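K.L.:
To start, I am sharing the structure in question, which I have written as structure tokens.
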Amino acid sequence: MPKINSRLKKKYDSDVAKKLAKEFGIKNPMAVAGVKKVVVNAGIADIAKNKELMEATKRDLATITGQIPSVQKARVSIASFNLRKGMPVGLKVTLRGIRMYDFLDKLFSIVLPRLRDFRGVSRGSFDNFGNYTLGFEEHTVFPELDLGKIVKPFGLEITIVINNKNKAESLRMLELMGIPFVKEE
């Protein structure tokens, strides 16, 4: 069996899964909520026309995630947006396994606390399936980027896909993993 190097994966296996099973009365360890994947999206509609800017954006996203992004193309044409079918409109990275846990660890313990006037992330960003989404106006908050080489800041959307359909269990799992939620008053 391969050695687990991720700090967050070790924490999930040793503490979080056991606490979740006990709190929610889950007997089958496979039924306990866990993170399935993390999807990082960046919209690039205005960047797509400039090849140099597109390559810089791809490079920045690859630096942030540790994985080369795939280009998402428009599925339909929309004349009012000057959008044609097949034009690039976004970049997407899907993280799984150890890379996913390393990215989440960096996000929870380094990136989010670095934000100016940060008081925590919203508890209301769960969808009906228990997945959590948060957005960043600028990607420059990630520490591995060299701010001098950034050509144009872009926004990011990070979706944490969780393998259950229960919002309460998903919320508790993310709390135990260390995501800094807004304090309830």
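By convention here, the chains of the structure tokens are called A, B, ... in the order presented, each chain's residues are numbered starting at 1, and ligands are numbered starting at 1 in the order presented.
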When DSSP works through the backbone of this structure, what residues of region 24-67 of chain A end up as strand (DSSP E), shown as a list in words?
P.N.:
Val35, Lys36, Lys37, Val38, Val39, Val40, Asn41, Ala42 and Gly43 of chain A
K.L.:
With DSSP run on the backbone, what are the helix (DSSP H, G or I) residues within region 29-120 of chain A? I'd like them as a PyMOL selection string.
P.N.:
chain A and resi 29-31+51-65+79-81+97-114
K.L.:
One number please: CA of Val121 (chain A) to CA of Thr65 (chain A), in Å, one decimal.
P.N.:
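Interatomic distance here is 20.3 Å.
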K.L.:
When distances are computed from only C-alpha atoms, which of A:Ala33, A:Pro113, A:Arg123, A:Lys27 shows the smallest separation from Glu184 (chain A)?
P.N.:
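Ranking A:Ala33, A:Pro113, A:Arg123, A:Lys27 by distance to Glu184 (chain A), first place goes to A:Arg123.
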K.L.:
Work out how far apart CA of Ala168 (chain A) and CA of Ser6 (chain A) are and give it in Å to one decimal.
P.N.:
25.4 Å
K.L.:
List the neighbours of Gln72 (chain A) out to 7 Å using only C-alpha atoms; skip same-chain residues closer than 3 positions along the sequence, and give me the result as a PDB file with C-alpha atoms, in the first residue's frame.
P.N.:
```pdb
ATOM      1  CA  PRO A  88     -12.870  28.778 -25.415  1.00  0.00           C
ATOM      2  CA  VAL A  89     -14.835  30.159 -22.427  1.00  0.00           C
ATOM      3  CA  GLY A  90     -13.164  28.604 -19.385  1.00  0.00           C
ATOM      4  CA  LEU A  91     -10.369  26.594 -17.837  1.00  0.00           C
ATOM      5  CA  LYS A  92     -11.062  23.641 -15.560  1.00  0.00           C
TER       6      LYS A  92
END
```
K.L.:
Pick out the closest residue to Tyr101 (chain A) from this set: A:Arg119, A:Lys167, A:Arg84, A:Lys37. Count only C-alpha atoms.
P.N.:
A:Lys37
K.L.:
List the spatial neighbours of Pro180 (chain A) as a list of chain:residue names - criterion: any atom at most 8 Å away, only C-alpha atoms, same-chain residues fewer than 6 positions off excluded.
P.N.:
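So the residues in contact are A:Phe108, A:Leu112, A:Gly120, A:Val121.
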K.L.:
Save the residues we just selected, N, CA and C atoms, as a tab-separated table (two decimals), in the first residue's frame?
P.N.:
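For reference, again01.tsv as written:
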```tsv
chain	number	residue	atom	x	y	z
A	108	PHE	N	-7.37	25.71	3.13
A	108	PHE	CA	-7.93	25.90	4.47
A	108	PHE	C	-6.94	26.58	5.42
A	112	LEU	N	-7.11	30.94	2.74
A	112	LEU	CA	-8.27	31.62	3.34
A	112	LEU	C	-7.89	32.55	4.50
A	120	GLY	N	-14.33	34.27	7.85
A	120	GLY	CA	-14.78	32.91	7.63
A	120	GLY	C	-15.58	32.81	6.34
A	121	VAL	N	-15.74	31.58	5.86
A	121	VAL	CA	-16.52	31.35	4.65
A	121	VAL	C	-17.97	31.08	5.02
```
K.L.:
Do you know which residues are at most 10 Å from Phe24 (chain A) counting only C-alpha atoms, after dropping those on the same chain fewer than 5 positions away, and could you put them as a ChimeraX atom specification?
P.N.:
/A:19,32,168-169,172
K.L.:
Please list as a PyMOL selection string every residue within 9 Å of Leu104 (chain A), counting only C-alpha atoms and excluding residues in the same chain fewer than 3 positions away.
P.N.:
chain A and resi 8+38+99-101+107-109+160+179
